[in-house]
$ cat entry_15.csv   # CSV, C-alpha atoms and all ligand atoms
chain,number,residue,atom,x,y,z
A,13,MET,CA,126.3,137.8,380.0
A,14,ARG,CA,128.3,135.5,377.8
A,15,ASN,CA,132.1,135.3,377.8
A,16,LYS,CA,134.2,137.3,375.4
A,17,ILE,CA,137.4,135.4,374.4
A,18,VAL,CA,140.5,136.2,372.4
A,19,ALA,CA,142.5,133.0,371.8
A,20,ALA,CA,146.0,132.8,370.3
A,21,ASN,CA,146.9,129.9,368.1
A,22,TRP,CA,150.6,129.9,367.7
A,23,LYS,CA,150.5,126.9,365.3
A,24,MET,CA,154.0,125.4,364.7
A,25,ASN,CA,155.9,128.6,365.4
A,26,LEU,CA,158.4,129.9,368.0
A,27,LYS,CA,161.3,128.4,369.8
A,28,LEU,CA,160.9,128.0,373.6
A,29,SER,CA,162.8,131.2,374.4
A,30,GLU,CA,160.7,133.1,371.8
A,31,GLY,CA,157.5,131.8,373.3
A,32,ALA,CA,158.6,132.8,376.8
A,33,ASN,CA,159.4,136.4,375.5
A,34,LEU,CA,156.1,136.6,373.8
A,35,VAL,CA,154.1,135.6,376.9
A,36,ASN,CA,156.2,138.1,379.0
A,37,GLY,CA,155.4,140.8,376.5
A,38,ILE,CA,151.7,140.0,376.6
A,39,LEU,CA,151.7,140.0,380.4
A,40,GLN,CA,153.5,143.3,380.6
A,41,GLY,CA,150.9,145.0,378.4
A,42,MET,CA,147.7,143.3,379.5
A,43,PRO,CA,144.9,145.8,380.1
A,44,ALA,CA,142.6,145.4,383.1
A,45,ILE,CA,139.8,143.1,381.9
A,46,SER,CA,136.4,142.3,383.4
A,47,GLU,CA,135.2,139.0,384.7
A,48,ASN,CA,133.5,137.9,381.4
A,49,CYS,CA,136.7,138.5,379.3
A,50,LYS,CA,139.2,135.7,378.8
A,51,VAL,CA,142.5,135.4,377.0
A,52,VAL,CA,143.8,131.9,375.9
A,53,ILE,CA,147.3,131.2,374.6
A,54,ALA,CA,147.6,127.9,372.7
A,55,PRO,CA,151.3,127.3,372.0
A,56,PRO,CA,152.9,124.1,370.5
A,57,TYR,CA,152.8,121.1,372.9
A,58,LEU,CA,156.5,121.6,373.7
A,59,HIS,CA,155.8,125.0,375.2
A,60,ILE,CA,152.9,124.1,377.3
A,61,THR,CA,154.5,123.5,380.7
A,62,GLN,CA,156.6,126.7,380.3
A,63,THR,CA,153.5,128.7,379.4
A,64,ILE,CA,151.5,127.3,382.3
A,65,ALA,CA,154.3,128.3,384.7
A,66,GLN,CA,154.4,131.8,383.3
A,67,LEU,CA,150.6,132.3,383.6
A,68,LYS,CA,150.3,130.7,387.0
A,69,GLY,CA,148.2,132.8,389.4
A,70,ILE,CA,147.3,135.4,386.7
A,71,GLU,CA,143.6,135.9,386.3
A,72,HIS,CA,141.6,135.8,383.0
A,73,ILE,CA,144.5,134.3,381.0
A,74,PHE,CA,144.6,130.6,380.3
A,75,THR,CA,146.8,128.0,378.5
A,76,GLY,CA,145.4,126.0,375.6
A,77,ALA,CA,146.5,123.2,373.4
A,78,GLN,CA,146.1,123.2,369.6
A,79,ASN,CA,144.9,119.5,369.5
A,80,CYS,CA,144.5,116.4,371.5
A,81,HIS,CA,144.3,112.7,370.6
A,82,SER,CA,140.9,110.9,370.3
A,83,GLU,CA,142.0,108.1,372.6
A,84,ASN,CA,142.8,108.2,376.3
A,85,SER,CA,146.2,106.4,376.1
A,86,GLY,CA,148.0,103.7,374.2
A,87,ALA,CA,150.3,102.9,371.3
A,88,TYR,CA,149.9,106.2,369.4
A,89,THR,CA,153.5,107.2,368.7
A,90,GLY,CA,154.0,111.0,368.7
A,91,GLU,CA,150.5,111.8,370.1
A,92,VAL,CA,149.4,113.6,373.3
A,93,SER,CA,146.1,112.7,375.1
A,94,ALA,CA,143.6,115.1,376.6
A,95,ALA,CA,144.2,113.4,380.0
A,96,MET,CA,147.9,114.3,379.8
A,97,LEU,CA,147.1,117.9,378.9
A,98,ALA,CA,144.6,118.2,381.7
A,99,ASP,CA,147.1,116.8,384.1
A,100,ALA,CA,149.7,119.3,383.0
A,101,GLY,CA,147.2,122.1,383.8
A,102,VAL,CA,145.8,122.9,380.3
A,103,GLN,CA,142.4,124.6,380.4
A,104,TYR,CA,141.4,124.9,376.8
A,105,VAL,CA,141.8,122.7,373.7
A,106,ILE,CA,141.3,123.8,370.1
A,107,ILE,CA,139.6,121.0,368.1
A,108,GLY,CA,138.7,120.9,364.5
A,109,HIS,CA,141.0,123.6,363.1
A,110,SER,CA,140.8,123.6,359.3
A,111,GLU,CA,144.5,122.9,359.0
A,112,ARG,CA,144.1,119.7,361.0
A,113,ARG,CA,140.9,118.8,359.1
A,114,GLU,CA,142.9,119.2,355.8
A,115,TYR,CA,146.5,118.1,356.5
A,116,CYS,CA,145.7,115.4,359.1
A,117,ASN,CA,142.4,114.2,357.5
A,118,GLU,CA,140.5,114.8,360.7
A,119,ASP,CA,136.8,114.0,360.0
A,120,SER,CA,133.7,114.8,362.0
A,121,ALA,CA,133.6,111.3,363.7
A,122,LEU,CA,137.2,111.7,364.9
A,123,LEU,CA,136.6,115.3,366.1
A,124,ALA,CA,133.5,114.2,368.1
A,125,LYS,CA,135.8,111.7,369.9
A,126,LYS,CA,138.4,114.4,370.6
A,127,VAL,CA,135.7,116.7,372.0
A,128,ASN,CA,134.6,113.8,374.3
A,129,GLN,CA,138.2,113.3,375.5
A,130,ALA,CA,138.7,117.0,376.2
A,131,LEU,CA,135.5,117.3,378.1
A,132,ALA,CA,136.3,114.1,380.1
A,133,GLY,CA,139.5,116.0,381.2
A,134,ASN,CA,137.3,118.9,382.3
A,135,MET,CA,138.9,121.2,379.7
A,136,HIS,CA,137.0,123.8,377.6
A,137,VAL,CA,136.8,123.1,373.9
A,138,ILE,CA,137.2,125.7,371.2
A,139,PHE,CA,135.5,123.9,368.3
A,140,CYS,CA,136.4,125.3,364.8
A,141,CYS,CA,134.2,125.3,361.8
A,142,GLY,CA,134.4,127.2,358.5
A,143,GLU,CA,134.0,126.8,354.8
A,144,PRO,CA,136.4,126.8,351.9
A,145,LEU,CA,136.2,129.4,349.1
A,146,GLU,CA,134.2,127.3,346.7
A,147,ILE,CA,131.5,126.8,349.3
A,148,ARG,CA,131.3,130.5,350.0
A,149,ASP,CA,131.2,131.2,346.2
A,150,ALA,CA,128.3,128.7,346.0
A,151,ASN,CA,126.6,130.5,348.9
A,152,THR,CA,126.2,127.3,350.8
A,153,GLN,CA,128.4,128.3,353.8
A,154,ASN,CA,125.5,128.1,356.3
A,155,GLU,CA,124.7,124.5,355.5
A,156,HIS,CA,128.4,123.6,355.5
A,157,VAL,CA,129.1,125.1,358.9
A,158,ALA,CA,125.8,123.7,360.4
A,159,ARG,CA,126.8,120.2,359.3
A,160,GLN,CA,130.2,120.6,360.9
A,161,ILE,CA,128.6,121.7,364.2
A,162,GLU,CA,125.9,119.0,364.1
A,163,GLU,CA,128.5,116.2,363.4
A,164,GLY,CA,131.1,117.4,365.9
A,165,LEU,CA,129.0,118.6,368.8
A,166,PHE,CA,125.3,117.6,368.7
A,167,HIS,CA,126.0,114.3,370.5
A,168,LEU,CA,126.6,116.4,373.6
A,169,ASP,CA,124.0,117.1,376.2
A,170,ALA,CA,123.1,120.7,377.3
A,171,PRO,CA,125.4,120.7,380.5
A,172,GLN,CA,128.4,119.6,378.3
A,173,LEU,CA,127.7,122.4,375.8
A,174,LYS,CA,128.6,124.9,378.6
A,175,ASN,CA,132.2,123.9,378.1
A,176,ILE,CA,132.2,124.6,374.3
A,177,THR,CA,133.1,127.7,372.5
A,178,ILE,CA,132.7,127.8,368.7
A,179,ALA,CA,135.2,129.5,366.4
A,180,TYR,CA,133.9,130.3,362.9
A,181,GLU,CA,137.0,130.5,360.6
A,182,PRO,CA,136.4,130.8,356.9
A,183,ILE,CA,139.3,129.0,355.3
A,184,TRP,CA,139.6,131.6,352.6
A,185,ALA,CA,140.4,134.1,355.3
A,186,ILE,CA,143.0,132.1,357.4
A,187,GLY,CA,146.5,133.5,356.9
A,188,THR,CA,145.5,135.1,353.6
A,189,GLY,CA,145.1,138.7,354.8
A,190,ARG,CA,141.5,138.5,353.3
A,191,VAL,CA,139.2,139.1,356.3
A,192,ALA,CA,135.4,138.4,356.3
A,193,SER,CA,133.5,141.6,356.4
A,194,SER,CA,131.7,142.4,359.6
A,195,GLY,CA,128.4,141.8,357.7
A,196,GLN,CA,129.5,138.3,356.5
A,197,ALA,CA,130.7,137.4,360.0
A,198,GLN,CA,127.6,138.6,361.8
A,199,GLU,CA,125.3,136.8,359.3
A,200,ILE,CA,126.9,133.4,359.8
A,201,HIS,CA,127.5,133.8,363.5
A,202,ALA,CA,123.8,134.5,363.9
A,203,TYR,CA,123.0,131.4,361.8
A,204,ILE,CA,125.3,129.4,364.1
A,205,ARG,CA,123.6,130.7,367.2
A,206,LYS,CA,120.2,129.8,365.6
A,207,THR,CA,121.5,126.3,364.8
A,208,ILE,CA,122.4,125.9,368.5
A,209,ALA,CA,119.1,127.3,369.6
A,210,GLU,CA,117.1,124.8,367.5
A,211,LYS,CA,118.9,121.9,369.2
A,212,TYR,CA,119.6,123.2,372.8
A,213,GLY,CA,117.2,126.1,373.3
A,214,ALA,CA,117.4,129.8,373.4
A,215,GLU,CA,119.2,130.1,376.7
A,216,ALA,CA,122.1,127.7,375.7
A,217,ALA,CA,122.4,129.6,372.4
A,218,ASP,CA,122.5,132.9,374.1
A,219,ASN,CA,125.3,131.7,376.5
A,220,ILE,CA,127.6,130.1,374.0
A,221,SER,CA,130.6,132.2,372.8
A,222,ILE,CA,131.2,132.3,369.0
A,223,LEU,CA,134.6,133.6,368.0
A,224,TYR,CA,135.7,134.8,364.5
A,225,GLY,CA,139.0,133.7,363.1
A,226,GLY,CA,140.7,134.6,359.8
A,227,SER,CA,143.2,137.5,359.3
A,228,CYS,CA,141.9,139.2,362.4
A,229,LYS,CA,144.2,142.1,363.3
A,230,PRO,CA,144.2,145.2,365.6
A,231,SER,CA,143.0,147.3,362.6
A,232,ASN,CA,139.8,145.2,362.0
A,233,ALA,CA,139.1,143.6,365.4
A,234,ALA,CA,137.0,146.4,366.8
A,235,GLU,CA,134.6,146.3,363.8
A,236,LEU,CA,134.3,142.5,363.9
A,237,PHE,CA,133.9,142.4,367.7
A,238,ALA,CA,131.2,145.1,367.6
A,239,CYS,CA,128.9,142.6,365.8
A,240,ALA,CA,126.1,141.3,368.1
A,241,ASP,CA,127.0,137.6,367.6
A,242,VAL,CA,130.8,137.9,367.5
A,243,ASP,CA,132.2,137.2,371.0
A,244,GLY,CA,135.9,137.6,370.3
A,245,GLY,CA,138.5,136.0,368.0
A,246,LEU,CA,140.8,133.0,367.4
A,247,ILE,CA,144.0,134.6,366.2
A,248,GLY,CA,146.8,133.1,364.2
A,249,GLY,CA,149.5,135.4,362.6
A,250,ALA,CA,148.7,138.5,364.7
A,251,ALA,CA,149.1,136.4,367.9
A,252,LEU,CA,152.8,136.0,367.3
A,253,LYS,CA,153.6,139.6,368.2
A,254,ALA,CA,152.8,140.9,371.7
A,255,GLU,CA,151.9,144.4,370.4
A,256,GLU,CA,149.4,143.1,367.8
A,257,PHE,CA,147.9,140.5,370.1
A,258,LEU,CA,147.5,143.2,372.8
A,259,GLY,CA,145.7,145.4,370.3
A,260,ILE,CA,143.2,142.7,369.7
A,261,ILE,CA,142.7,142.0,373.4
A,262,LYS,CA,142.1,145.8,373.8
A,263,ALA,CA,139.5,145.6,371.1
A,264,MET,CA,137.7,142.8,373.0
A,265,VAL,CA,137.8,144.7,376.2
A,266,ASP,CA,136.3,147.8,374.6
A,267,SER,CA,133.7,145.9,372.6
B,1,LIG,C1,143.8,130.5,362.6
B,1,LIG,O1,144.5,129.7,361.9
B,1,LIG,O2,143.1,130.1,363.5
B,1,LIG,C2,143.8,131.9,362.2
B,1,LIG,C3,142.8,132.6,362.5
B,1,LIG,O3,144.9,132.3,361.5
B,1,LIG,P1,145.2,133.8,361.0
B,1,LIG,O4,144.7,134.8,362.1
B,1,LIG,O5,146.6,133.9,360.7
B,1,LIG,O6,144.3,134.0,359.8

$ encode --input "entry_15.csv" --output "structure tokens"
Amino acid sequence: MRNKIVAANWKMNLKLSEGANLVNGILQGMPAISENCKVVIAPPYLHITQTIAQLKGIEHIFTGAQNCHSENSGAYTGEVSAAMLADAGVQYVIIGHSERREYCNEDSALLAKKVNQALAGNMHVIFCCGEPLEIRDANTQNEHVARQIEEGLFHLDAPQLKNITIAYEPIWAIGTGRVASSGQAQEIHAYIRKTIAEKYGAEAADNISILYGGSCKPSNAAELFACADVDGGLIGGAALKAEEFLGIIKAMVDS
């Protein structure tokens, strides 16, 4: 049975005390969850040691980073390496988020190097892909997303792929309140799984978790997570309030 994952991407939000309160609120309301369900919290770098301390010893809930650098160490002012994150106790790294692709000009070659760095640190990668509105309007989203996955991940071997989760995040749905329909999500998630199967075989494709991201909320999570190829969500805005994030976790548990 593949893992179901709900991951929080706090982006550049919350002061330290606010982050601590949010994690406490999540822990207080966490439902009992089965072995194959996981929750990831990816705060800003500054919060990471605090979040790790708060989650210490608690099962099924992990600390993630929103990014890592493509090099191991060196003269890269303002950056944080995967090795540093791993040493601090980070277990998941989000790589390839559309905001980093767009605002930081992160291209596929750079993202492939970041994936390698994260895997070298024995961390699990949440690799993001997704199309802008003009690609969806032209109905070429499958090709667009397949190219992002091929360029970012297909240099990996099959054992390495076990440490990859894919997050499909249509850019037109991120932070816009406009969510993909469950039909749209299922269609492209199935296509992503087929793309993985063609390269790595049916078993690897069956085992990889594919998350949906883009205006996911407690009110739409159950319908999205009920799709056969949707294995949870990457959550932005709704992850900043304990009650909303818990509602999405509950939708994963019940799916
Ligand atoms: C995201 O940025 O990963 C995201 C899914 O954001 P939101 O949930 O706010 O659309």

$ residues_near_ligand --input "entry_15.csv" --ligand "ligand LIG 1 (chain B)" --cutoff "6 Å" --atoms "all atoms listed in the file" --output "list of chain:residue names"
A:Asn21, A:Ala185, A:Ile186, A:Gly187, A:Gly225, A:Gly226, A:Ser227, A:Cys228, A:Leu246, A:Ile247, A:Gly248, A:Gly249

$ residues_around --input "entry_15.csv" --residues "stretch 96-107 of chain A" --least-positions-apart "2" --cutoff "10 Å" --atoms "all atoms listed in the file" --output "VMD selection string"
chain A and resid 19 21 52 to 54 57 60 to 61 63 to 65 68 73 to 81 84 to 85 92 to 94 109 to 110 112 to 113 118 123 to 124 126 to 127 130 to 141 164 175 to 179 246

$ residues_around --input "entry_15.csv" --residues "A:Ala217" --least-positions-apart "4" --cutoff "12 Å" --atoms "all atoms listed in the file" --output "PyMOL selection string"
chain A and resi 13-14+170+173-174+176-178+201-213+221-222+241

$ residues_near_point --input "entry_15.csv" --point "(135.8, 138.6, 376.9)" --cutoff "9 Å" --atoms "only C-alpha atoms" --output "list of chain:residue names"
A:Arg14, A:Asn15, A:Lys16, A:Ile17, A:Val18, A:Ile45, A:Ser46, A:Glu47, A:Asn48, A:Cys49, A:Lys50, A:Val51, A:His72, A:Asp243, A:Gly244, A:Ile261, A:Met264, A:Val265, A:Ser267

$ atom_distance --input "entry_15.csv" --atom1 "atom CA of A:Ala32" --atom2 "atom CA of A:Pro55"
10.3 Å

$ atom_distance --input "entry_15.csv" --atom1 "atom CA of A:Gly259" --atom2 "atom CA of A:Asp218"
26.6 Å

$ residues_around --input "entry_15.csv" --residues "A:Gly31" --least-positions-apart "5" --cutoff "10 Å" --atoms "all atoms listed in the file" --output "list in words"
Trp22, Asn25, Leu26, Asn36, Gly37, Pro55, Pro56, His59, Ile60, Gln62, Thr63 and Leu252 of chain A

$ atom_distance --input "entry_15.csv" --atom1 "atom CA of A:Ala192" --atom2 "atom CA of A:Tyr224"
9.0 Å

$ closest_residue --input "entry_15.csv" --among "A:Met42, A:Leu34, A:Ile200, A:Leu145" --to "A:Ala240" --atoms "only C-alpha atoms"
A:Ile200

$ residues_around --input "entry_15.csv" --residues "A:Pro230" --least-positions-apart "6" --cutoff "8 Å" --atoms "all atoms listed in the file" --output "ChimeraX atom specification"
/A:256-257,259-260,263

$ write_last_selection --input "entry_15.csv" --atoms "C-alpha atoms" --output "PDB file, keeping the file's coordinate frame"
ATOM      1  CA  GLU A 256     149.400 143.100 367.800  1.00  0.00           C
ATOM      2  CA  PHE A 257     147.900 140.500 370.100  1.00  0.00           C
ATOM      3  CA  GLY A 259     145.700 145.400 370.300  1.00  0.00           C
ATOM      4  CA  ILE A 260     143.200 142.700 369.700  1.00  0.00           C
ATOM      5  CA  ALA A 263     139.500 145.600 371.100  1.00  0.00           C
TER       6      ALA A 263
END

$ closest_residue --input "entry_15.csv" --among "A:Lys229, A:Gly86, A:Leu236, A:Gln196" --to "A:Asn151" --atoms "all atoms listed in the file"
A:Gln196

$ residues_around --input "entry_15.csv" --residues "A:Glu163" --least-positions-apart "2" --cutoff "9 Å" --atoms "all atoms listed in the file" --output "list of chain:residue names"
A:Ser120, A:Ala121, A:Leu123, A:Ala124, A:Ala158, A:Arg159, A:Gln160, A:Ile161, A:Leu165, A:Phe166, A:His167

$ closest_residue --input "entry_15.csv" --among "A:Phe237, A:Met24, A:Gly69, A:Gln40" --to "A:Gly195" --atoms "all atoms listed in the file"
A:Phe237

$ build_atoms --input "entry_15.csv" --residues "stretch 180-201 of chain A" --atoms "N, CA and C atoms" --output "mmCIF file, keeping the file's coordinate frame"
data_model
loop_
_atom_site.group_PDB
_atom_site.id
_atom_site.type_symbol
_atom_site.label_atom_id
_atom_site.label_comp_id
_atom_site.auth_asym_id
_atom_site.auth_seq_id
_atom_site.Cartn_x
_atom_site.Cartn_y
_atom_site.Cartn_z
ATOM 1 N N TYR A 180 134.232 130.323 364.368
ATOM 2 C CA TYR A 180 133.900 130.300 362.900
ATOM 3 C C TYR A 180 135.148 130.880 362.207
ATOM 4 N N GLU A 181 135.755 130.054 361.350
ATOM 5 C CA GLU A 181 137.000 130.500 360.600
ATOM 6 C C GLU A 181 136.832 130.139 359.155
ATOM 7 N N PRO A 182 136.409 131.100 358.344
ATOM 8 C CA PRO A 182 136.400 130.800 356.900
ATOM 9 C C PRO A 182 137.758 130.532 356.395
ATOM 10 N N ILE A 183 137.921 129.407 355.709
ATOM 11 C CA ILE A 183 139.300 129.000 355.300
ATOM 12 C C ILE A 183 139.911 129.983 354.371
ATOM 13 N N TRP A 184 139.097 130.629 353.567
ATOM 14 C CA TRP A 184 139.600 131.600 352.600
ATOM 15 C C TRP A 184 140.176 132.864 353.313
ATOM 16 N N ALA A 185 139.933 132.984 354.613
ATOM 17 C CA ALA A 185 140.400 134.100 355.300
ATOM 18 C C ALA A 185 141.616 133.801 356.247
ATOM 19 N N ILE A 186 141.909 132.506 356.413
ATOM 20 C CA ILE A 186 143.000 132.100 357.400
ATOM 21 C C ILE A 186 144.333 132.321 356.720
ATOM 22 N N GLY A 187 145.097 133.232 357.336
ATOM 23 C CA GLY A 187 146.500 133.500 356.900
ATOM 24 C C GLY A 187 146.575 134.103 355.515
ATOM 25 N N THR A 188 145.478 134.589 354.980
ATOM 26 C CA THR A 188 145.500 135.100 353.600
ATOM 27 C C THR A 188 145.487 136.660 353.595
ATOM 28 N N GLY A 189 145.196 137.262 354.729
ATOM 29 C CA GLY A 189 145.100 138.700 354.800
ATOM 30 C C GLY A 189 143.681 139.157 354.292
ATOM 31 N N ARG A 190 142.873 138.193 353.833
ATOM 32 C CA ARG A 190 141.500 138.500 353.300
ATOM 33 C C ARG A 190 140.542 138.232 354.467
ATOM 34 N N VAL A 191 140.048 139.258 355.095
ATOM 35 C CA VAL A 191 139.200 139.100 356.300
ATOM 36 C C VAL A 191 137.720 139.064 355.833
ATOM 37 N N ALA A 192 136.888 138.307 356.548
ATOM 38 C CA ALA A 192 135.400 138.400 356.300
ATOM 39 C C ALA A 192 134.979 139.793 356.662
ATOM 40 N N SER A 193 134.020 140.319 355.946
ATOM 41 C CA SER A 193 133.500 141.600 356.400
ATOM 42 C C SER A 193 132.674 141.420 357.636
ATOM 43 N N SER A 194 132.454 142.502 358.358
ATOM 44 C CA SER A 194 131.700 142.400 359.600
ATOM 45 C C SER A 194 130.269 141.875 359.282
ATOM 46 N N GLY A 195 129.741 142.274 358.116
ATOM 47 C CA GLY A 195 128.400 141.800 357.700
ATOM 48 C C GLY A 195 128.396 140.294 357.478
ATOM 49 N N GLN A 196 129.427 139.796 356.788
ATOM 50 C CA GLN A 196 129.500 138.300 356.500
ATOM 51 C C GLN A 196 129.667 137.588 357.867
ATOM 52 N N ALA A 197 130.523 138.117 358.747
ATOM 53 C CA ALA A 197 130.700 137.400 360.000
ATOM 54 C C ALA A 197 129.461 137.420 360.848
ATOM 55 N N GLN A 198 128.809 138.581 360.966
ATOM 56 C CA GLN A 198 127.600 138.600 361.800
ATOM 57 C C GLN A 198 126.517 137.685 361.236
ATOM 58 N N GLU A 199 126.379 137.646 359.929
ATOM 59 C CA GLU A 199 125.300 136.800 359.300
ATOM 60 C C GLU A 199 125.515 135.333 359.683
ATOM 61 N N ILE A 200 126.735 134.851 359.533
ATOM 62 C CA ILE A 200 126.900 133.400 359.800
ATOM 63 C C ILE A 200 127.018 133.112 361.274
ATOM 64 N N HIS A 201 127.526 134.043 362.069
ATOM 65 C CA HIS A 201 127.500 133.800 363.500
ATOM 66 C C HIS A 201 126.058 133.738 364.037
#
